[in-house]
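Novice: Here it is: the structure, laid out below.
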Amino acid sequence: MAKNLPSDSFRDLDEVTSLVKTHYGLTVTTRPLAGEVDLNFYLQTPAGEEYTLKISRSVAARATLEFQVAILEHLNKQPLPWSVPHMIPSLSGEHLLEVTSEEGNLHFIRLQSWVSGRLLDDINPRSPELLHQWGATCGLLNRALSDFDHTEAHRFYKWDPSQTLFSQQYLPLFATAAQQEIASYFWDRFEEITQPKLASLRTTVNYNDAHEQNLLVNDAGEHPAICGVIDFGDTLHTHLVNELAIACAYGAMGLPDPLTAACQLTKGFHDIQPLSEEEVEVLFDMIAARLLITVASAAHNQQAEPDNSYLQVSAQPAWDVLQKWRKIPPALAHYRLREACGWEPVPQREKFNEWLATSPSFAPVMTWAGKSTIPLDLSVGSLDLGNNENFLTIKPFAKTVDRMLAEAEADLGVGGYAEIRPFYTTDAYQVMGNSGAQWRTVHLGLDVWGNAETPVFAPLAGTVFSAADNAGERDYGPTIILEHKVSNSLTFYTLYGHLSRSSLANIKTGQTVVAGQQIATIGPAPENGNWPPHLHFQIILDLLGNEQDFPGVAYPDERATWLSNCPDPQLFYPDLPQWPQTTLTANEILPLRQQKLGRSLSISYQQPLHIVRGFGTYLYDTDARRYLDTVNNVAHVGHEHPTVVRAAQRQQAVLNTNTRYLHPNLVQFAQELAATMPEGLSVVHFVNSGSEANELALRMAKIWSQQQDMIAVEVGYHGNTGACIDISSYKFDGQGGQGAPPHTHIVPMPDTFRGRYRDPRTAGQLYANHIQEAIQQVQSKGRNIAGFIAESILSCGGQIVLPQGYLSAAYQMVRAAGGLCIADEVQVGFGRVGQHFWGFQLQGVVPDIVTLGKPIGNGHPLAAVVTTPAVAAAFANGMEFFNTFGGNPVSCAIGRAVLEVIKTENLQTNAEQVGTHLRQGLLALQQDFPIIGDVRGPGFFQGIELITDPETQAPAAHQASYLANRMRQRGILMSTDGPLHNVLKIKPPMCFSQENADFLLENMRVVLQENKMKV
Ligand SMILES: Cc1ncc(COP(=O)(O)O)c(C=O)c1O
């Protein structure tokens, strides 16, 4: 028996250490740990051994603690992939030691091994994989305890979700009427619906406390694994499903979409410890039941112990989940949780399928007999649907549908069930999910496109459930829902949307209709929700509490549930034409790439993207998920800019030939392009790629100078042809490269962040001096230089902005030696730098040759070399320059359109203004996140260099790649580059808006807070 101790205190750490010394013979240092049930202390011996000491509060009963000891002993015998504490006996050989306080109260002390790891609470992001693992851990715990029992486990405990009604007494303590409403709603549901079902559910001894403070996680980088479970003070015998419900309650906290989080946890649990359908049926309510205990306990404790902040920790996040939970139709939650278990999400679906298999007959919903009916492809990648401008507003969309029908000489167009559509992917429909922005893109009904006033018939008998006008842009407009009770066990609904307003005048709720009876007509725009005239016809098994309306589109991640609830209406009409889905899936494309394409082609991102549409600053994947593109400077004026697309289509339809015939496009484009250049640069040669442009520029320099030696910049990239690779240190000094060839002379990258000269006042001249050295070296061998080539901002080098005075000094030296100066504007040209139209103008120089590519054709293979009349004349030495495709009428039409759009849409000014805004935002992020070592670059050509240490500037390459991949997961495309792979490049289409910049910054802030980005 130890010396007497003050009751419930043990704030005096010396007393704790002497207790440990006396009873365990250990010399330790200690600090208190959080805990509600016990007083907990962390102990460490001088040798580094770690323990937890648990001192019971005075009220603890021996049997309860013996029970906890027994659980740990049981679990320590199981083969588990993570650790639980094991008991350390006292010097007297006891696991449970009794001490008496000065007041004569009994306390028990236990010493346990310390389980090391980070708290799961500290893991950011709470990824789907982590949630799955969390669920799986609970499944394993539950399985490991399935053959364990103890009389003490059979007790009343207020934290048991099955005992939630005990906490109902605290309802008046909830601060707001809204909170009381939520609590009453879930407690009422529990009492009326869930509690009666509990009696038939499995019970087990549950750990009962799998929250983020009790689960420990290892240090395994991006994919941390759960490595420990601690604190068995809540263990008790209750319903098995509660083990999962508690984890879901905590796992859902702090996330925008708690239900999806609960589904991921459920999948993890079910994969290990299969749940029954009845258990999943109560899960949604049991999660609420536990959350209510949390908030009730916090409210109660706030009165009793206002100073104990630990007790309040979970209250607000629990309320946040409860508020969201309240808005979810419980049946929908049930179906989604079933989906997570791999079952048919909507149980009635099986009954529906059985009924359908009896071949009931259906009247046509519209008269298509004798009419020409075609499948209408409105999917995200549909080439029939075409450019986004074809559907962004009603008029062009109506025209598009008319055109599709007219081209096929059809009266009606049908289709759309489960089709992924791009219509709802604008900002207005954006909703934040747990993995960034998401949109409802999966269409749940069948559309029949035809004329307004076309009659609509009931396909089968039923009663009118509702008839209402869902007015509003892009809503259903006038809508009828019929109820069909086809058997005692099967009732379902059919919805008819986009009707005429007059349809509602002739129909009453409760009215019966017979199969084939006309119920409505198709409505015209705008009364039909402002769509081209069509019927939206949807089957719905469960209206999920809706009365006049029902979602017609679903989030792709939830499609299995929604499609289970909304069967394909074409099942009623197998004779209708089906749209053949011919597109290859990502899983089909990937192996084909491997088999049929060269292995040296790379793919961006850990999870490859399957992009099928682009518009403006956005790209869209096969789920019509919209990605903000900060990478593609090639789509200079915006992806698939209508002006450029139209110019291409119109010219392509009329003529495309080579330059040996006269055509105005060629000369007009040359004239317009030359007009953007400083005086003197007036002669244009058209080619098809940046590589070809540089290849030609090299030939010009060599012919001009009658020399072969070129000076180029370290980590420069100029193209993929033989001669271009020979001057691209990025390639020949990189993987697979064989170093500089004899006629190439590389000068240091003029980097003022981590290069050899960093003072911006002198760096330009100092770096240029290396060019002089290179010239002298060449001359010392009896040769001379042909020229010097440099990108106006080094792109592959990591968005390196040239120091002031660099190019003017360099050009002077090169020209003095008789060489030509080539500015590679393939990346940065056409207004991207904001202040100027060309990047070299930032340096106040005029090159002898400028090479253009990428942005010039907005994605069309087009490039150009612009030079002086003198250089052009020297090049025209008798050998004809012929290029089959360069300068063809289509390419030139496109190039002209690009120049026109840059001008008419003030894109250079936009680059300057939004670029400045973005830069300010990035600099603000740099203040908050030390991993950002440097922010650089003008306009829309910016770079963010990540480092792990400001002193050593050690490159944070893994973090840069992590950030790009996480941003991709959150719907933003970024790329990394630089010799150390630690620079994020931002070079978006020039229509990138301030809102785009803010969205990018917001999301970067989210990811920069994640564990991986901490330095
Ligand atoms: C600066 C620079 N020059 C030239 C090229 C080659 O252009 P292309 O890929 O069109 O041949 C590139 C391509 O990335 C480049 O970045």
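Please note that chains go A, B, ... in the order of the structure tokens, that every chain numbers its residues from 1, and that ligands are numbered from 1 in the order shown.
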Set the distance at 12 Å and use only C-alpha atoms: which residues neighbour Ser500 of chain A once local chain neighbours fewer than 5 positions away are removed? I'd like the list as number ranges by chain.
Specialist: A: 451-456, 467-471, 476-480, 505-506, 519-531, 533-535
Novice: Quick one: which chain A residues come within 7 Å of ligand 1, and what is the nearest atom pair for each with the distance in Å to one decimal, counting only C-alpha atoms and all ligand atoms, rows ordered by chain and ascending number, as a Markdown table?
Specialist:
| residue | atom | partner | partner_atom_place_in_ligand_line | distance |
| --- | --- | --- | --- | --- |
| A:Ser689 | CA | ligand 1 | 10 (O) | 3.8 |
| A:Gly690 | CA | ligand 1 | 7 (O) | 3.2 |
| A:Ser691 | CA | ligand 1 | 11 (O) | 3.5 |
| A:Glu692 | CA | ligand 1 | 11 (O) | 6.2 |
| A:Asn694 | CA | ligand 1 | 4 (C) | 6.7 |
| A:Tyr717 | CA | ligand 1 | 2 (C) | 5.3 |
| A:His718 | CA | ligand 1 | 3 (N) | 3.7 |
| A:Gly719 | CA | ligand 1 | 6 (C) | 3.6 |
| A:Asn720 | CA | ligand 1 | 11 (O) | 6.0 |
| A:Glu791 | CA | ligand 1 | 1 (C) | 5.6 |
| A:Ser795 | CA | ligand 1 | 16 (O) | 6.4 |
| A:Cys796 | CA | ligand 1 | 16 (O) | 6.8 |
| A:Asp824 | CA | ligand 1 | 1 (C) | 5.7 |
| A:Glu825 | CA | ligand 1 | 1 (C) | 6.4 |
| A:Val826 | CA | ligand 1 | 3 (N) | 4.8 |
| A:Gln827 | CA | ligand 1 | 1 (C) | 5.1 |
| A:Gly853 | CA | ligand 1 | 10 (O) | 5.7 |
| A:Lys854 | CA | ligand 1 | 10 (O) | 5.6 |
Novice: Take the residues from that selection and put them in a file with N, CA, C and O atoms, as a short mmCIF file (atom, residue, chain, number, x, y, z; two decimals), in the first residue's frame.
Specialist:
data_model
loop_
_atom_site.label_atom_id
_atom_site.label_comp_id
_atom_site.auth_asym_id
_atom_site.auth_seq_id
_atom_site.Cartn_x
_atom_site.Cartn_y
_atom_site.Cartn_z
N SER A 689 6.46 23.58 -85.40
CA SER A 689 6.70 23.34 -83.98
C SER A 689 7.84 24.22 -83.51
O SER A 689 8.64 24.70 -84.34
N GLY A 690 7.90 24.38 -82.21
CA GLY A 690 8.98 25.17 -81.62
C GLY A 690 10.33 24.57 -81.99
O GLY A 690 11.30 25.30 -82.25
N SER A 691 10.39 23.25 -82.01
CA SER A 691 11.65 22.58 -82.35
C SER A 691 12.08 22.96 -83.76
O SER A 691 13.25 23.29 -84.01
N GLU A 692 11.12 22.90 -84.66
CA GLU A 692 11.44 23.24 -86.06
C GLU A 692 11.88 24.69 -86.17
O GLU A 692 12.76 25.02 -86.98
N ASN A 694 13.41 26.48 -83.86
CA ASN A 694 14.79 26.61 -83.39
C ASN A 694 15.78 25.95 -84.33
O ASN A 694 16.90 26.44 -84.53
N TYR A 717 15.98 24.52 -72.72
CA TYR A 717 15.37 23.52 -73.60
C TYR A 717 14.88 24.23 -74.86
O TYR A 717 14.21 25.26 -74.77
N HIS A 718 15.23 23.64 -76.00
CA HIS A 718 14.89 24.30 -77.25
C HIS A 718 14.20 23.38 -78.25
O HIS A 718 13.92 23.81 -79.37
N GLY A 719 13.97 22.12 -77.89
CA GLY A 719 13.21 21.28 -78.82
C GLY A 719 13.74 19.87 -78.92
O GLY A 719 14.79 19.54 -78.37
N ASN A 720 12.99 19.06 -79.67
CA ASN A 720 13.27 17.62 -79.67
C ASN A 720 14.02 17.11 -80.90
O ASN A 720 14.27 15.92 -81.02
N GLU A 791 16.24 31.25 -73.83
CA GLU A 791 14.81 31.51 -73.61
C GLU A 791 14.72 32.85 -72.87
O GLU A 791 15.56 33.15 -72.03
N SER A 795 12.31 28.33 -68.80
CA SER A 795 11.12 27.60 -68.38
C SER A 795 11.47 26.28 -67.70
O SER A 795 11.19 26.09 -66.52
N CYS A 796 12.10 25.37 -68.44
CA CYS A 796 12.48 24.09 -67.83
C CYS A 796 13.47 24.33 -66.70
O CYS A 796 13.57 23.54 -65.76
N ASP A 824 14.47 32.60 -77.78
CA ASP A 824 13.47 31.52 -77.85
C ASP A 824 12.26 31.97 -77.05
O ASP A 824 12.27 32.01 -75.83
N GLU A 825 11.22 32.35 -77.80
CA GLU A 825 9.99 32.85 -77.16
C GLU A 825 8.89 31.79 -77.20
O GLU A 825 7.71 32.11 -77.05
N VAL A 826 9.30 30.55 -77.41
CA VAL A 826 8.31 29.48 -77.59
C VAL A 826 7.39 29.37 -76.37
O VAL A 826 6.20 29.10 -76.50
N GLN A 827 7.94 29.61 -75.18
CA GLN A 827 7.10 29.51 -73.97
C GLN A 827 6.44 30.83 -73.59
O GLN A 827 5.30 30.85 -73.17
N GLY A 853 6.42 29.54 -80.96
CA GLY A 853 5.75 28.24 -81.05
C GLY A 853 4.55 28.22 -80.13
O GLY A 853 3.84 29.22 -80.00
N LYS A 854 4.38 27.12 -79.47
CA LYS A 854 3.27 26.84 -78.54
C LYS A 854 2.05 27.78 -78.66
O LYS A 854 1.08 27.41 -79.30
#
Novice: Just list as an MDAnalysis selection string whatever in segment 458-702 of chain A DSSP marks as strand (DSSP E or B).
Specialist: chainID A and resid 462:470 477:487 490:497 499 512:513 518:522 534:540 553:554 611:616 618:621 626:629 639 683:687
Novice: Could you list, as a list in words, every residue within 10 Å of Ser162 of chain A, counting only C-alpha atoms and ignoring same-chain residues fewer than 2 positions away?
Specialist: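 Contacts, in chain order: Phe156, Tyr157, Lys158, Trp159, Asp160, Thr164, Leu165, Phe166, Phe190, Thr194, Gln195, Leu198, Thr238, His239, Val241, Asn242, Met286, Ala289 and Arg290 of chain A.
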Novice: Would you save the residues of that selection, restricted to N, CA and C atoms, as a PDB file, in the first residue's frame?
Specialist:
ATOM      1  N   PHE A 156     -23.943  -0.241 -17.906  1.00  0.00           N
ATOM      2  CA  PHE A 156     -24.496   0.957 -18.535  1.00  0.00           C
ATOM      3  C   PHE A 156     -23.354   1.954 -18.687  1.00  0.00           C
ATOM      4  N   TYR A 157     -23.273   2.565 -19.849  1.00  0.00           N
ATOM      5  CA  TYR A 157     -22.241   3.566 -20.055  1.00  0.00           C
ATOM      6  C   TYR A 157     -22.816   4.637 -20.955  1.00  0.00           C
ATOM      7  N   LYS A 158     -22.708   5.876 -20.540  1.00  0.00           N
ATOM      8  CA  LYS A 158     -23.410   6.940 -21.273  1.00  0.00           C
ATOM      9  C   LYS A 158     -22.838   7.160 -22.672  1.00  0.00           C
ATOM     10  N   TRP A 159     -21.579   6.729 -22.903  1.00  0.00           N
ATOM     11  CA  TRP A 159     -20.973   6.943 -24.222  1.00  0.00           C
ATOM     12  C   TRP A 159     -21.351   5.845 -25.223  1.00  0.00           C
ATOM     13  N   ASP A 160     -22.179   4.940 -24.782  1.00  0.00           N
ATOM     14  CA  ASP A 160     -22.643   3.871 -25.670  1.00  0.00           C
ATOM     15  C   ASP A 160     -23.745   4.444 -26.572  1.00  0.00           C
ATOM     16  N   THR A 164     -28.142   6.465 -26.121  1.00  0.00           N
ATOM     17  CA  THR A 164     -28.194   7.909 -26.418  1.00  0.00           C
ATOM     18  C   THR A 164     -29.350   8.612 -25.710  1.00  0.00           C
ATOM     19  N   LEU A 165     -30.444   7.866 -25.490  1.00  0.00           N
ATOM     20  CA  LEU A 165     -31.614   8.541 -24.903  1.00  0.00           C
ATOM     21  C   LEU A 165     -31.348   9.007 -23.469  1.00  0.00           C
ATOM     22  N   PHE A 166     -30.313   8.415 -22.846  1.00  0.00           N
ATOM     23  CA  PHE A 166     -29.937   8.884 -21.514  1.00  0.00           C
ATOM     24  C   PHE A 166     -29.556  10.372 -21.554  1.00  0.00           C
ATOM     25  N   PHE A 190     -34.398   7.946 -33.299  1.00  0.00           N
ATOM     26  CA  PHE A 190     -33.807   6.823 -32.577  1.00  0.00           C
ATOM     27  C   PHE A 190     -34.892   6.043 -31.833  1.00  0.00           C
ATOM     28  N   THR A 194     -35.128   3.368 -34.750  1.00  0.00           N
ATOM     29  CA  THR A 194     -33.891   2.597 -34.594  1.00  0.00           C
ATOM     30  C   THR A 194     -33.910   1.686 -33.371  1.00  0.00           C
ATOM     31  N   GLN A 195     -34.299   2.241 -32.245  1.00  0.00           N
ATOM     32  CA  GLN A 195     -34.252   1.446 -31.009  1.00  0.00           C
ATOM     33  C   GLN A 195     -34.989   0.112 -31.137  1.00  0.00           C
ATOM     34  N   LEU A 198     -32.831  -2.503 -32.674  1.00  0.00           N
ATOM     35  CA  LEU A 198     -31.565  -2.883 -32.034  1.00  0.00           C
ATOM     36  C   LEU A 198     -31.620  -4.281 -31.429  1.00  0.00           C
ATOM     37  N   THR A 238     -21.892  -4.005 -26.303  1.00  0.00           N
ATOM     38  CA  THR A 238     -23.025  -3.277 -26.890  1.00  0.00           C
ATOM     39  C   THR A 238     -23.216  -3.772 -28.326  1.00  0.00           C
ATOM     40  N   HIS A 239     -23.981  -3.027 -29.118  1.00  0.00           N
ATOM     41  CA  HIS A 239     -24.228  -3.465 -30.492  1.00  0.00           C
ATOM     42  C   HIS A 239     -22.975  -3.294 -31.347  1.00  0.00           C
ATOM     43  N   VAL A 241     -22.436  -2.691 -34.357  1.00  0.00           N
ATOM     44  CA  VAL A 241     -22.397  -1.589 -35.319  1.00  0.00           C
ATOM     45  C   VAL A 241     -21.917  -0.287 -34.666  1.00  0.00           C
ATOM     46  N   ASN A 242     -22.040  -0.215 -33.339  1.00  0.00           N
ATOM     47  CA  ASN A 242     -21.609   1.009 -32.664  1.00  0.00           C
ATOM     48  C   ASN A 242     -20.108   1.247 -32.804  1.00  0.00           C
ATOM     49  N   MET A 286     -27.282   5.669 -35.701  1.00  0.00           N
ATOM     50  CA  MET A 286     -26.367   5.398 -34.591  1.00  0.00           C
ATOM     51  C   MET A 286     -25.210   6.405 -34.577  1.00  0.00           C
ATOM     52  N   ALA A 289     -26.669   9.259 -33.041  1.00  0.00           N
ATOM     53  CA  ALA A 289     -26.861   8.960 -31.616  1.00  0.00           C
ATOM     54  C   ALA A 289     -25.589   9.265 -30.840  1.00  0.00           C
ATOM     55  N   ARG A 290     -24.443   8.861 -31.393  1.00  0.00           N
ATOM     56  CA  ARG A 290     -23.193   9.114 -30.681  1.00  0.00           C
ATOM     57  C   ARG A 290     -22.844  10.612 -30.677  1.00  0.00           C
TER      58      ARG A 290
END
Novice: So how far away is atom CA of Asn910 of chain A from atom CA of Pro855 of chain A, in Å?
Specialist: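 For atom CA of Pro855 of chain A relative to atom CA of Asn910 of chain A, the distance reads 15.9 Å.
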Novice: Please provide as an MDAnalysis selection string all residues within 12 Å of Glu279 of chain A, with the sequence filter that same-chain residues fewer than 5 positions apart are discarded (counting only C-alpha atoms).
Specialist: chainID A and resid 194:195 197:203 239:245 266 270 273:274 284:287 334 337:338 341
Novice: Run DSSP on the backbone and give me the residues of segment 619-689 of chain A it puts in helix (DSSP H, G or I), as a list in words.
Specialist: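 Everything in segment 619-689 of chain A that counts as helix (DSSP H, G or I) is Pro642, Thr643, Val644, Val645, Arg646, Ala647, Ala648, Gln649, Arg650, Gln651, Gln652, Ala653, Val654, Pro664, Asn665, Leu666, Val667, Gln668, Phe669, Ala670, Gln671, Glu672, Leu673, Ala674 and Ala675 of chain A.
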Novice: For the residues selected in the previous step, produce a file with N, CA, C and O atoms as an mmCIF file, in the first residue's frame.
Specialist:
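The result, written out as out.cif:
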data_model
loop_
_atom_site.group_PDB
_atom_site.id
_atom_site.type_symbol
_atom_site.label_atom_id
_atom_site.label_comp_id
_atom_site.auth_asym_id
_atom_site.auth_seq_id
_atom_site.Cartn_x
_atom_site.Cartn_y
_atom_site.Cartn_z
ATOM 1 N N PRO A 642 -13.701 29.906 -79.117
ATOM 2 C CA PRO A 642 -14.610 29.812 -80.259
ATOM 3 C C PRO A 642 -14.119 30.556 -81.503
ATOM 4 O O PRO A 642 -14.300 30.075 -82.631
ATOM 5 N N THR A 643 -13.496 31.713 -81.310
ATOM 6 C CA THR A 643 -13.025 32.471 -82.485
ATOM 7 C C THR A 643 -11.959 31.678 -83.233
ATOM 8 O O THR A 643 -11.955 31.622 -84.473
ATOM 9 N N VAL A 644 -11.083 31.051 -82.476
ATOM 10 C CA VAL A 644 -9.992 30.295 -83.093
ATOM 11 C C VAL A 644 -10.552 29.023 -83.733
ATOM 12 O O VAL A 644 -10.202 28.672 -84.869
ATOM 13 N N VAL A 645 -11.443 28.364 -83.007
ATOM 14 C CA VAL A 645 -12.043 27.126 -83.528
ATOM 15 C C VAL A 645 -12.771 27.417 -84.841
ATOM 16 O O VAL A 645 -12.624 26.698 -85.833
ATOM 17 N N ARG A 646 -13.511 28.504 -84.828
ATOM 18 C CA ARG A 646 -14.301 28.842 -86.020
ATOM 19 C C ARG A 646 -13.384 29.170 -87.195
ATOM 20 O O ARG A 646 -13.605 28.727 -88.320
ATOM 21 N N ALA A 647 -12.328 29.914 -86.911
ATOM 22 C CA ALA A 647 -11.387 30.276 -87.982
ATOM 23 C C ALA A 647 -10.809 29.010 -88.610
ATOM 24 O O ALA A 647 -10.707 28.898 -89.836
ATOM 25 N N ALA A 648 -10.459 28.055 -87.750
ATOM 26 C CA ALA A 648 -9.876 26.802 -88.246
ATOM 27 C C ALA A 648 -10.896 26.034 -89.068
ATOM 28 O O ALA A 648 -10.609 25.572 -90.175
ATOM 29 N N GLN A 649 -12.106 25.917 -88.510
ATOM 30 C CA GLN A 649 -13.136 25.108 -89.181
ATOM 31 C C GLN A 649 -13.491 25.704 -90.545
ATOM 32 O O GLN A 649 -13.611 24.997 -91.539
ATOM 33 N N ARG A 650 -13.613 27.030 -90.580
ATOM 34 C CA ARG A 650 -14.037 27.681 -91.835
ATOM 35 C C ARG A 650 -12.976 27.515 -92.920
ATOM 36 O O ARG A 650 -13.273 27.161 -94.049
ATOM 37 N N GLN A 651 -11.735 27.755 -92.539
ATOM 38 C CA GLN A 651 -10.690 27.653 -93.558
ATOM 39 C C GLN A 651 -10.469 26.195 -93.957
ATOM 40 O O GLN A 651 -10.300 25.882 -95.138
ATOM 41 N N GLN A 652 -10.529 25.303 -92.963
ATOM 42 C CA GLN A 652 -10.326 23.872 -93.237
ATOM 43 C C GLN A 652 -11.370 23.367 -94.229
ATOM 44 O O GLN A 652 -11.085 22.523 -95.081
ATOM 45 N N ALA A 653 -12.558 23.930 -94.126
ATOM 46 C CA ALA A 653 -13.643 23.472 -94.992
ATOM 47 C C ALA A 653 -13.449 23.917 -96.442
ATOM 48 O O ALA A 653 -14.072 23.367 -97.348
ATOM 49 N N VAL A 654 -12.600 24.917 -96.633
ATOM 50 C CA VAL A 654 -12.489 25.485 -97.981
ATOM 51 C C VAL A 654 -11.171 25.124 -98.659
ATOM 52 O O VAL A 654 -11.155 24.647 -99.797
ATOM 53 N N PRO A 664 -3.881 34.824 -99.318
ATOM 54 C CA PRO A 664 -3.735 36.030 -98.473
ATOM 55 C C PRO A 664 -3.375 35.708 -97.018
ATOM 56 O O PRO A 664 -2.672 36.481 -96.380
ATOM 57 N N ASN A 665 -3.870 34.562 -96.491
ATOM 58 C CA ASN A 665 -3.641 34.269 -95.058
ATOM 59 C C ASN A 665 -2.157 34.324 -94.701
ATOM 60 O O ASN A 665 -1.773 34.836 -93.661
ATOM 61 N N LEU A 666 -1.338 33.778 -95.609
ATOM 62 C CA LEU A 666 0.083 33.672 -95.343
ATOM 63 C C LEU A 666 0.701 35.058 -95.156
ATOM 64 O O LEU A 666 1.380 35.323 -94.157
ATOM 65 N N VAL A 667 0.430 35.936 -96.091
ATOM 66 C CA VAL A 667 1.072 37.259 -96.016
ATOM 67 C C VAL A 667 0.434 38.126 -94.933
ATOM 68 O O VAL A 667 1.115 38.881 -94.233
ATOM 69 N N GLN A 668 -0.875 37.969 -94.781
ATOM 70 C CA GLN A 668 -1.529 38.791 -93.747
ATOM 71 C C GLN A 668 -1.046 38.398 -92.357
ATOM 72 O O GLN A 668 -0.765 39.236 -91.513
ATOM 73 N N PHE A 669 -0.922 37.101 -92.143
ATOM 74 C CA PHE A 669 -0.457 36.662 -90.822
ATOM 75 C C PHE A 669 0.984 37.114 -90.604
ATOM 76 O O PHE A 669 1.341 37.608 -89.530
ATOM 77 N N ALA A 670 1.821 36.980 -91.641
ATOM 78 C CA ALA A 670 3.222 37.397 -91.513
ATOM 79 C C ALA A 670 3.298 38.879 -91.181
ATOM 80 O O ALA A 670 4.060 39.302 -90.300
ATOM 81 N N GLN A 671 2.456 39.636 -91.859
ATOM 82 C CA GLN A 671 2.435 41.084 -91.642
ATOM 83 C C GLN A 671 1.999 41.409 -90.194
ATOM 84 O O GLN A 671 2.621 42.214 -89.511
ATOM 85 N N GLU A 672 0.952 40.737 -89.760
ATOM 86 C CA GLU A 672 0.420 41.020 -88.415
ATOM 87 C C GLU A 672 1.403 40.585 -87.322
ATOM 88 O O GLU A 672 1.539 41.234 -86.298
ATOM 89 N N LEU A 673 2.076 39.488 -87.596
ATOM 90 C CA LEU A 673 3.037 38.985 -86.617
ATOM 91 C C LEU A 673 4.237 39.928 -86.528
ATOM 92 O O LEU A 673 4.670 40.309 -85.426
ATOM 93 N N ALA A 674 4.720 40.323 -87.683
ATOM 94 C CA ALA A 674 5.887 41.208 -87.699
ATOM 95 C C ALA A 674 5.555 42.540 -87.030
ATOM 96 O O ALA A 674 6.425 43.157 -86.403
ATOM 97 N N ALA A 675 4.288 42.946 -87.124
ATOM 98 C CA ALA A 675 3.889 44.219 -86.518
ATOM 99 C C ALA A 675 4.002 44.189 -84.989
ATOM 100 O O ALA A 675 4.051 45.239 -84.352
#
Novice: Applying 9 Å and only C-alpha atoms, which residues near Val687 of chain A remain after dropping the ones on its own chain fewer than 3 positions away? List them as a PyMOL selection string.
Specialist: chain A and resi 690+692-693+696+853+861-865+883-887
Novice: Identify which of the residues A:Thr45, A:Gln595, A:Ser297, A:Gln68 lies closest to Gln169 of chain A, counting only C-alpha atoms when measuring atom-to-atom distances.
Specialist: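 Checking each candidate against Gln169 of chain A, we get A:Ser297 as the closest.
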Novice: So that I can check the surroundings of Ala876 of chain A, please list as an MDAnalysis selection string every protein, DNA and RNA residue that reaches within 10 Å of it, counting only C-alpha atoms and ignoring chain neighbours fewer than 6 positions away.
Specialist: chainID A and resid 700 703 870
Novice: Those selected residues, please, written with N, CA, C and O atoms and delivered as a PDB file, in the first residue's frame.
Specialist:
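Output file out17.pdb is given in full below:
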ATOM      1  N   MET A 700      20.054  29.266 -89.765  1.00  0.00           N
ATOM      2  CA  MET A 700      20.269  30.660 -90.184  1.00  0.00           C
ATOM      3  C   MET A 700      21.553  31.216 -89.571  1.00  0.00           C
ATOM      4  O   MET A 700      22.366  31.864 -90.251  1.00  0.00           O
ATOM      5  N   ILE A 703      24.604  29.626 -91.206  1.00  0.00           N
ATOM      6  CA  ILE A 703      24.844  30.126 -92.569  1.00  0.00           C
ATOM      7  C   ILE A 703      25.361  31.563 -92.513  1.00  0.00           C
ATOM      8  O   ILE A 703      26.301  31.949 -93.209  1.00  0.00           O
ATOM      9  N   ALA A 870      18.308  41.150 -93.360  1.00  0.00           N
ATOM     10  CA  ALA A 870      19.695  40.783 -93.671  1.00  0.00           C
ATOM     11  C   ALA A 870      19.943  39.303 -93.402  1.00  0.00           C
ATOM     12  O   ALA A 870      20.527  38.590 -94.235  1.00  0.00           O
TER      13      ALA A 870
END
Novice: Between A:Gln812, A:Gln959, A:Gln843, A:Asn390, which one has atoms that come closest to Ile947 of chain A, using only C-alpha atoms?
Specialist: A:Gln959
